[in-house]
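The structure under discussion appears below in the form of structure tokens.
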Amino acid sequence: MSSDCIVFKYKGKFAHFLRAEANTSAPSYPFPTRTNLLGLAGAVLGLEKDSPQSLLKDANFAVSGRARGTHWHTANFRKDPPALVPRSVKKQDKGTSKEQRNTIIAQEWLFYPDFTVFARLPQPYHDGFLDRLSNKTWHFTPCLGLSEMMADLTLVASLPLEPLEEGVHGVDTVVRKSMVALDMGRVLDGGAVMKSIRIPRDLTDQRLFSHETYIYEVNGGKLPVKTAHALKAGETIIQWL
């Protein structure tokens, strides 16, 4: 693993990170999950589908930032494809049709998502990822959850990581609940708005998810927590997803 981390902006007009428990409606997570970021790294590097979860299984990611707002969009999904066009058509042909089944569902979209991602990948993928971000030469078009929602990736820096001693730190990124203890006095004094959410963290080759509970600051601010797992990247204090 590299001793540095790659910092890049991950933003666009719209995003949709589908919640694993979604059924007839499609709510979104408020930020990209670790599994989303594995897929993003795989797209940039040109890895085959379903291979990032094994090739990049030791990768580390941290994420900060937020979307400006959310909107519920009605989407029309076609269950059956239209009838095939015949190879030859005669003048007297009236044409054919195939009954189609459409399902209308509600999709939660994030408006103007603007995230900062900190990434450390196993070699040789780390250097390759840095090179592709530097030159904007990703293999597949990066997206914000859905392929129709194209992402703008901009390299910010490659920074050394400094492990911090156990103590209370103002962490700028999403934190794993199992790795921290909240300093509620400082949380209340600082006016932080916290939420807890359970999201996917790991994914097997058979697409089986394992989940973790995370805590994030709704407005993208700092979270004062006691932890032994904080790291400093430049002037930012992070914790891996």
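Chains: A, B, ... in order of the structure tokens. Residues: from 1 per chain. Ligands: from 1, in order shown.
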
(request) Taking the DSSP assignment computed from this structure's backbone, write out as a PyMOL selection string all residues of range 40-93 of chain A that belong to alpha helix (DSSP H). (result) chain A and resi 40-45+52-55

(message) Show me, as a PyMOL selection string, the residues that have an atom within 12 Å of Tyr10 in chain A when counting only C-alpha atoms, minus same-chain residues fewer than 2 positions from it.
(response) chain A and resi 7-8+12-15+31-32+36-37+40-41+63-67+112-119+133+142-145+149-156

Keeping only C-alpha atoms, write the selected residues to a file as an mmCIF file, in the first residue's frame.
```
data_model
loop_
_atom_site.group_PDB
_atom_site.id
_atom_site.type_symbol
_atom_site.label_atom_id
_atom_site.label_comp_id
_atom_site.auth_asym_id
_atom_site.auth_seq_id
_atom_site.Cartn_x
_atom_site.Cartn_y
_atom_site.Cartn_z
ATOM 1 C CA VAL A 7 -7.340 13.529 -2.982
ATOM 2 C CA PHE A 8 -9.841 14.356 -5.707
ATOM 3 C CA GLY A 12 -21.686 16.653 -10.951
ATOM 4 C CA LYS A 13 -25.254 17.838 -11.495
ATOM 5 C CA PHE A 14 -27.076 14.769 -10.184
ATOM 6 C CA ALA A 15 -26.292 11.619 -8.215
ATOM 7 C CA PHE A 31 -22.906 10.176 -0.034
ATOM 8 C CA PRO A 32 -21.040 7.511 -2.036
ATOM 9 C CA ASN A 36 -19.564 2.832 -4.929
ATOM 10 C CA LEU A 37 -16.003 4.131 -4.728
ATOM 11 C CA LEU A 40 -15.547 4.240 -9.510
ATOM 12 C CA ALA A 41 -11.872 3.295 -9.138
ATOM 13 C CA VAL A 63 -15.342 11.003 1.874
ATOM 14 C CA SER A 64 -16.465 14.483 2.869
ATOM 15 C CA GLY A 65 -18.877 17.001 1.371
ATOM 16 C CA ARG A 66 -22.572 16.954 0.562
ATOM 17 C CA ALA A 67 -25.228 17.571 -2.061
ATOM 18 C CA TYR A 112 -25.265 19.202 -7.318
ATOM 19 C CA PRO A 113 -23.344 16.605 -5.285
ATOM 20 C CA ASP A 114 -19.890 17.885 -4.372
ATOM 21 C CA PHE A 115 -17.676 15.400 -2.536
ATOM 22 C CA THR A 116 -13.994 15.258 -1.717
ATOM 23 C CA VAL A 117 -12.623 11.721 -1.787
ATOM 24 C CA PHE A 118 -9.400 10.490 -0.194
ATOM 25 C CA ALA A 119 -8.160 7.228 -1.722
ATOM 26 C CA LEU A 133 -6.757 11.325 -12.659
ATOM 27 C CA PRO A 142 -17.080 7.896 -14.327
ATOM 28 C CA CYS A 143 -20.578 8.381 -12.958
ATOM 29 C CA LEU A 144 -22.357 9.341 -9.750
ATOM 30 C CA GLY A 145 -24.184 6.089 -9.072
ATOM 31 C CA MET A 149 -25.262 10.787 -14.194
ATOM 32 C CA MET A 150 -21.774 11.645 -15.392
ATOM 33 C CA ALA A 151 -19.198 12.706 -12.818
ATOM 34 C CA ASP A 152 -16.520 15.365 -12.952
ATOM 35 C CA LEU A 153 -13.294 14.105 -11.385
ATOM 36 C CA THR A 154 -10.578 16.644 -10.571
ATOM 37 C CA LEU A 155 -7.304 15.748 -8.892
ATOM 38 C CA VAL A 156 -6.574 17.964 -5.879
#
```

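Of the residues listed (A:Gln107, A:Thr227, A:Gln123, A:Asn219), A:Asn219 shows the shortest atom-to-atom separation from Arg68 in chain A; distances use only C-alpha atoms.
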
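Taking CA of Pro52 in chain A and CA of Arg19 in chain A as endpoints, the distance between them is 19.8 Å.
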
(request) Please measure the separation of CA of His126 in chain A and CA of Lys222 in chain A, giving the value in Å to one decimal. (result)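 If I compute the distance from CA of His126 in chain A to CA of Lys222 in chain A, I get 27.4 Å.
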
(request) Find the residues around Arg132 in chain A up to 8 Å (only C-alpha atoms counted), leave out those fewer than 4 positions away in its own chain, and share them as a ChimeraX atom specification. (result) /A:44-45,128,136-138

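Neighbouring residues of Arg34 in chain A at 9 Å or closer, counting only C-alpha atoms and skipping chain neighbours under 5 positions away, are A:Gly39, A:Asn60, A:Phe61, A:Ala62, A:Ile199, A:Pro200, A:Arg201, A:Asp202, A:Leu241.
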
With C-alpha atoms retained, export the selected residues as a PDB file, in the first residue's frame.
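Result went into out.pdb, see below:
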```pdb
ATOM      1  CA  GLY A  39     -16.660   0.706  -8.679  1.00  0.00           C
ATOM      2  CA  ASN A  60      -9.049   2.710   1.674  1.00  0.00           C
ATOM      3  CA  PHE A  61     -11.468   5.560   1.020  1.00  0.00           C
ATOM      4  CA  ALA A  62     -12.673   8.558   3.006  1.00  0.00           C
ATOM      5  CA  ILE A 199     -24.548   1.368   4.422  1.00  0.00           C
ATOM      6  CA  PRO A 200     -22.656  -1.301   2.450  1.00  0.00           C
ATOM      7  CA  ARG A 201     -18.936  -1.518   3.081  1.00  0.00           C
ATOM      8  CA  ASP A 202     -17.705  -4.718   1.419  1.00  0.00           C
ATOM      9  CA  LEU A 241     -14.852   4.269   5.426  1.00  0.00           C
TER      10      LEU A 241
END
```

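Take the candidates A:Glu21, A:Glu217, A:Glu212, A:Asp183 and check each one against Thr33 in chain A using only C-alpha atoms; the shortest distance goes to A:Glu212.
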
(request) Mind giving me the straight-line distance from CA of Ala20 in chain A to CA of Thr173 in chain A in Å, one decimal? (result)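 Separating CA of Ala20 in chain A from CA of Thr173 in chain A is a distance of 21.8 Å.
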
(request) Enumerate, as a VMD selection string, the complete set of residues in range 14-239 of chain A that a backbone-based DSSP assignment places in strand (DSSP E). (result) chain A and resid 14 to 15 60 to 66 69 to 78 102 to 111 114 to 120 143 to 144 146 to 150 152 to 163 167 to 171 175 to 176 181 to 182 194 to 203 209 to 217 223 to 227 231 to 233 236 to 238

Please produce a file of those selected residues containing C-alpha atoms, as an mmCIF file, in the first residue's frame.
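This went into out.cif:
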```
data_model
loop_
_atom_site.group_PDB
_atom_site.id
_atom_site.type_symbol
_atom_site.label_atom_id
_atom_site.label_comp_id
_atom_site.auth_asym_id
_atom_site.auth_seq_id
_atom_site.Cartn_x
_atom_site.Cartn_y
_atom_site.Cartn_z
ATOM 1 C CA PHE A 14 -27.076 14.769 -10.184
ATOM 2 C CA ALA A 15 -26.292 11.619 -8.215
ATOM 3 C CA ASN A 60 -9.049 2.710 1.674
ATOM 4 C CA PHE A 61 -11.468 5.560 1.020
ATOM 5 C CA ALA A 62 -12.673 8.558 3.006
ATOM 6 C CA VAL A 63 -15.342 11.003 1.874
ATOM 7 C CA SER A 64 -16.465 14.483 2.869
ATOM 8 C CA GLY A 65 -18.877 17.001 1.371
ATOM 9 C CA ARG A 66 -22.572 16.954 0.562
ATOM 10 C CA GLY A 69 -30.491 19.141 -1.905
ATOM 11 C CA THR A 70 -32.595 16.184 -2.981
ATOM 12 C CA HIS A 71 -35.549 15.676 -5.302
ATOM 13 C CA TRP A 72 -37.883 12.741 -5.880
ATOM 14 C CA HIS A 73 -38.019 12.012 -9.612
ATOM 15 C CA THR A 74 -40.613 9.777 -11.271
ATOM 16 C CA ALA A 75 -38.895 7.263 -13.543
ATOM 17 C CA ASN A 76 -40.592 5.061 -16.157
ATOM 18 C CA PHE A 77 -38.950 1.645 -16.486
ATOM 19 C CA ARG A 78 -39.800 -0.612 -19.434
ATOM 20 C CA ASN A 102 -43.930 -0.290 -17.824
ATOM 21 C CA THR A 103 -43.288 0.300 -14.154
ATOM 22 C CA ILE A 104 -43.284 3.807 -12.717
ATOM 23 C CA ILE A 105 -41.114 4.247 -9.628
ATOM 24 C CA ALA A 106 -39.917 7.188 -7.569
ATOM 25 C CA GLN A 107 -36.160 7.834 -7.537
ATOM 26 C CA GLU A 108 -34.391 10.116 -5.085
ATOM 27 C CA TRP A 109 -31.821 12.283 -6.853
ATOM 28 C CA LEU A 110 -29.095 14.311 -5.160
ATOM 29 C CA PHE A 111 -28.766 17.812 -6.665
ATOM 30 C CA ASP A 114 -19.890 17.885 -4.372
ATOM 31 C CA PHE A 115 -17.676 15.400 -2.536
ATOM 32 C CA THR A 116 -13.994 15.258 -1.717
ATOM 33 C CA VAL A 117 -12.623 11.721 -1.787
ATOM 34 C CA PHE A 118 -9.400 10.490 -0.194
ATOM 35 C CA ALA A 119 -8.160 7.228 -1.722
ATOM 36 C CA ARG A 120 -5.300 4.820 -1.057
ATOM 37 C CA CYS A 143 -20.578 8.381 -12.958
ATOM 38 C CA LEU A 144 -22.357 9.341 -9.750
ATOM 39 C CA LEU A 146 -26.126 5.786 -12.347
ATOM 40 C CA SER A 147 -24.427 5.631 -15.742
ATOM 41 C CA GLU A 148 -26.600 8.525 -16.963
ATOM 42 C CA MET A 149 -25.262 10.787 -14.194
ATOM 43 C CA MET A 150 -21.774 11.645 -15.392
ATOM 44 C CA ASP A 152 -16.520 15.365 -12.952
ATOM 45 C CA LEU A 153 -13.294 14.105 -11.385
ATOM 46 C CA THR A 154 -10.578 16.644 -10.571
ATOM 47 C CA LEU A 155 -7.304 15.748 -8.892
ATOM 48 C CA VAL A 156 -6.574 17.964 -5.879
ATOM 49 C CA ALA A 157 -3.332 16.533 -4.530
ATOM 50 C CA SER A 158 -1.338 13.488 -3.517
ATOM 51 C CA LEU A 159 -0.629 13.876 0.186
ATOM 52 C CA PRO A 160 1.352 11.957 2.827
ATOM 53 C CA LEU A 161 -0.689 10.439 5.639
ATOM 54 C CA GLU A 162 0.090 11.104 9.285
ATOM 55 C CA PRO A 163 -1.530 8.750 11.851
ATOM 56 C CA GLY A 167 -7.807 11.439 21.369
ATOM 57 C CA VAL A 168 -10.631 13.800 20.452
ATOM 58 C CA HIS A 169 -10.317 15.037 16.875
ATOM 59 C CA GLY A 170 -12.530 17.124 14.616
ATOM 60 C CA VAL A 171 -12.903 14.640 11.756
ATOM 61 C CA VAL A 175 -16.817 8.055 10.366
ATOM 62 C CA ARG A 176 -17.465 4.413 11.213
ATOM 63 C CA ALA A 181 -16.892 7.653 20.590
ATOM 64 C CA LEU A 182 -18.816 10.899 20.202
ATOM 65 C CA MET A 194 -25.453 14.361 13.050
ATOM 66 C CA LYS A 195 -27.131 11.408 11.439
ATOM 67 C CA SER A 196 -26.445 7.696 11.666
ATOM 68 C CA ILE A 197 -26.866 5.448 8.644
ATOM 69 C CA ARG A 198 -26.164 1.804 7.838
ATOM 70 C CA ILE A 199 -24.548 1.368 4.422
ATOM 71 C CA PRO A 200 -22.656 -1.301 2.450
ATOM 72 C CA ARG A 201 -18.936 -1.518 3.081
ATOM 73 C CA ASP A 202 -17.705 -4.718 1.419
ATOM 74 C CA LEU A 203 -18.841 -6.782 -1.546
ATOM 75 C CA PHE A 209 -22.868 -7.111 0.739
ATOM 76 C CA SER A 210 -21.686 -6.577 4.294
ATOM 77 C CA HIS A 211 -22.802 -3.409 6.065
ATOM 78 C CA GLU A 212 -21.467 -0.972 8.653
ATOM 79 C CA THR A 213 -23.087 1.865 10.583
ATOM 80 C CA TYR A 214 -21.648 5.323 9.878
ATOM 81 C CA ILE A 215 -22.094 8.788 11.358
ATOM 82 C CA TYR A 216 -21.950 11.946 9.261
ATOM 83 C CA GLU A 217 -22.507 15.671 9.706
ATOM 84 C CA LEU A 223 -17.463 15.684 13.826
ATOM 85 C CA PRO A 224 -15.699 15.866 17.228
ATOM 86 C CA VAL A 225 -15.026 12.226 18.103
ATOM 87 C CA LYS A 226 -12.639 10.261 20.267
ATOM 88 C CA THR A 227 -10.805 7.763 18.094
ATOM 89 C CA LEU A 231 -5.298 10.335 10.022
ATOM 90 C CA LYS A 232 -4.102 13.718 8.845
ATOM 91 C CA ALA A 233 -3.881 14.389 5.104
ATOM 92 C CA THR A 236 -7.672 17.631 6.813
ATOM 93 C CA ILE A 237 -8.409 14.981 9.434
ATOM 94 C CA ILE A 238 -9.954 11.871 7.928
#
```

(message) Ranking A:Val174, A:Tyr125, A:Gly221, A:Glu166 by minimum distance to Val193 in chain A and counting only C-alpha atoms, which one comes first?
(response)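 When distances to Val193 in chain A are compared using only C-alpha atoms, the smallest one comes from A:Gly221.
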